[in-house]
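K.L.:
This is the structure, below, for whatever I ask next.
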Amino acid sequence: MLQVAREFIRRAFQEQIGQSQHPRSSQPIKTPTALPELPELQLAGIITSVGVTLDNGGGVTLPSLSDIFEAVRVDFERRNALRDETLRRSRELIRFCSLSIRATHRREWAEASQLLETARQTATQMMADLAGYPDLYFAGYTQDALKELAEAYIVNALVQGQSLPSPDHLHIEYPAYLNGLGEAMGELRRYILDLIRSGKAAEAEPLLEIMDDIYSQLVTVDYPDAITGGLRRTTDMVRSVLERTRGDLTIAVRQDQMQAALAALEKRLDVSSAGEAPA
């Protein structure tokens with residue numbers, strides 16, 4: 001196609017200036033029979049500037065300025081409509097994830113699983129619609145919604161003692177997954193505090209170990225924020241949450257140990273008092 005365009009440019013030059021004479025010479029201007037190699041965009045600019053239209057016989061017809069802008073408007077309208085729909089779906093996805101996390105904290109496992117499945121279907125549809133639009137897929141609102149999906153799945157798995165779902169299994173980009181993993185530690189702290197208030201501090205210790213392991217891995221991901229999606233800030237948050245949770249759980253465990261020691265001492269005193277009672 002470019003060769004055809006070059007040939008028409010050569011003909012146009014011949015028609016426009018090939019037969020004209022230089023004002024200071026009686027000799028006609030020689031038109032080159034071959035044009036230098038030009039990039040496609042530059043070639044298109046030359047074609048437009050000289051007003052060459054390639055007819056059907058030549059095989060190429062350049063669009064007019066109005067045609068170009070009409071095509072641009074059609075594309076922008078399509079992208080804008082898709083953006084609005086993605087924003088709606090992202091809000092819907094975040095809502096399902098929040099409801100699932102709430103059900104997980106209440107140990108309503110069936111409802112939590114159902115909400116997770118609904119959230120996953122919403123995410124799948126959203127990603128399918130954005131398949132040909134990487135600018136919208138990697139936009140902040142899209143990746144934030146997928147991060148919430150990762151967080152909901154991770155919290156549900158850790159609380160029930162299940163294996164972590166992988167980012168490939170969830171079809172989530174690595175930065176969104178890692179940030180969701182970090183934010184899940186905040187929900188895990190909340191679950192641990194609920195266990196402590198229920199007098200089940202011993203059940204919280206394995207979860208604290210998981211938090212420690214996850215932080216130990218997150219801190220090794222030392223790459224620019226442009227690659228990790230701001231993971232450094234998330235990791236700093238995890239460290240703060242981990243240390244506060246460790247302190248709260250340590251105090252709770254020591255209190256339980258003290259109560260157990262006092263109960264044992266009270267029992268021994270009761271036995272001793274009963275043995276010394278007069279016949």
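How things are named: the first chain in the structure tokens is A, the next is B, and so on; residues count from 1 in each chain; ligands count from 1 in the order shown.
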Extract, using only C-alpha atoms, all DNA, RNA and protein residues at most 9 Å from Ser98 (chain A), discarding same-chain residues fewer than 5 positions from it, and format them as a list of chain:residue names.

P.N.:
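Residues meeting the cut-off are A:Leu93, A:Ala103, A:Glu148, A:Ala152.
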
K.L.:
Take the residues that were just selected and, keeping N, CA, C and O atoms, output them as a PDB file, in the first residue's frame.

P.N.:
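What landed in result10.pdb:
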```
ATOM      1  N   LEU A  93     -18.431  -4.815  42.491  1.00  0.00           N
ATOM      2  CA  LEU A  93     -17.470  -5.832  42.913  1.00  0.00           C
ATOM      3  C   LEU A  93     -16.958  -5.559  44.322  1.00  0.00           C
ATOM      4  O   LEU A  93     -16.873  -6.471  45.157  1.00  0.00           O
ATOM      5  N   ALA A 103     -19.309 -11.493  56.243  1.00  0.00           N
ATOM      6  CA  ALA A 103     -19.831 -12.827  56.518  1.00  0.00           C
ATOM      7  C   ALA A 103     -18.732 -13.748  57.053  1.00  0.00           C
ATOM      8  O   ALA A 103     -18.980 -14.597  57.914  1.00  0.00           O
ATOM      9  N   GLU A 148      -9.495  -5.718  45.905  1.00  0.00           N
ATOM     10  CA  GLU A 148     -10.496  -6.075  46.916  1.00  0.00           C
ATOM     11  C   GLU A 148     -10.931  -7.531  46.765  1.00  0.00           C
ATOM     12  O   GLU A 148     -11.195  -8.221  47.760  1.00  0.00           O
ATOM     13  N   ALA A 152     -10.629 -10.372  49.710  1.00  0.00           N
ATOM     14  CA  ALA A 152     -11.763 -11.154  50.208  1.00  0.00           C
ATOM     15  C   ALA A 152     -11.469 -12.645  50.149  1.00  0.00           C
ATOM     16  O   ALA A 152     -11.753 -13.391  51.092  1.00  0.00           O
TER      17      ALA A 152
END
```

K.L.:
Quick one: which region 57-111 of chain A residues come within 12 Å of region 181-204 of chain A, and what is the nearest atom pair for each with the distance in Å to one decimal, counting only C-alpha atoms, rows ordered by chain and ascending number, as a Markdown table?

P.N.:
```
| residue | atom | partner | partner_atom | distance |
| --- | --- | --- | --- | --- |
| A:Cys97 | CA | A:Ala184 | CA | 11.7 |
| A:Ser98 | CA | A:Glu187 | CA | 10.8 |
| A:Ser100 | CA | A:Glu187 | CA | 11.9 |
| A:Ile101 | CA | A:Glu187 | CA | 8.1 |
| A:Arg102 | CA | A:Glu187 | CA | 9.6 |
| A:Ala103 | CA | A:Tyr191 | CA | 11.7 |
| A:Thr104 | CA | A:Tyr191 | CA | 9.2 |
| A:His105 | CA | A:Tyr191 | CA | 6.4 |
| A:Arg106 | CA | A:Tyr191 | CA | 9.4 |
| A:Arg107 | CA | A:Tyr191 | CA | 10.2 |
```

K.L.:
Show which residues sit within 10 Å of Ser216 (chain A), as JSON, numbers by chain. Count only C-alpha atoms, and ignore same-chain residues fewer than 6 positions away.

P.N.:
{"A": [210, 235, 239]}

K.L.:
Hey, what's within 8 Å of Arg232 (chain A) if we count only C-alpha atoms and toss same-chain stuff fewer than 5 positions away? As a VMD selection string, please?

P.N.:
chain A and resid 219 222 225

K.L.:
What is the distance between CA of Leu164 (chain A) and CA of Tyr177 (chain A), in Å to one decimal?

P.N.:
11.2 Å

K.L.:
Of the candidates A:Gln143, A:Arg268, A:Pro206, A:Leu130, which one gets nearest to Val159 (chain A) if we count only C-alpha atoms?

P.N.:
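For Val159 (chain A), the nearest of the given residues is A:Pro206.
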
K.L.:
Just asking: which residues within region 91-228 of chain A are helix (DSSP H, G or I) according to DSSP, as JSON, numbers by chain?

P.N.:
{"A": [91, 92, 93, 94, 95, 96, 97, 98, 99, 100, 101, 102, 103, 104, 105, 109, 110, 111, 112, 113, 114, 115, 116, 117, 118, 119, 120, 121, 122, 123, 124, 125, 126, 127, 128, 129, 134, 135, 136, 137, 140, 141, 142, 143, 144, 145, 146, 147, 148, 149, 150, 151, 152, 153, 154, 155, 156, 157, 158, 159, 167, 168, 169, 170, 174, 175, 176, 177, 178, 179, 180, 181, 182, 183, 184, 185, 186, 187, 188, 189, 190, 191, 192, 193, 194, 195, 196, 197, 201, 202, 203, 204, 205, 206, 207, 208, 209, 210, 211, 212, 213, 214, 215, 216, 217, 218, 225, 226, 227, 228]}

K.L.:
Provide the CA of Ser166 (chain A) to CA of Arg91 (chain A) distance in Å, to one decimal place.

P.N.:
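The value is 23.3 Å.
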
K.L.:
Write out as a PyMOL selection string each polymer residue whose atoms come within 7 Å of region 74-90 of chain A, counting only C-alpha atoms; drop sequence neighbours fewer than 4 positions from it.

P.N.:
chain A and resi 70+94+122+126+136+141-142+145

K.L.:
So what do you get for CA of Thr124 (chain A) versus CA of Asp168 (chain A), distance-wise?

P.N.:
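CA of Asp168 (chain A) lies 13.1 Å from CA of Thr124 (chain A).
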
K.L.:
Return the single residue from A:Asp248, A:Glu173, A:Glu243, A:Glu205 that is closest to Thr228 (chain A), with distances computed using only C-alpha atoms.

P.N.:
A:Glu173

K.L.:
I'd like the neighbourhood of Gln121 (chain A) as JSON, numbers by chain, where a residue qualifies if any of its atoms comes within 12 Å (using only C-alpha atoms), though same-chain residues fewer than 6 positions away should be ignored.

P.N.:
{"A": [89, 90, 92, 93, 96, 97, 114, 115, 127, 128, 146, 149, 170, 171]}
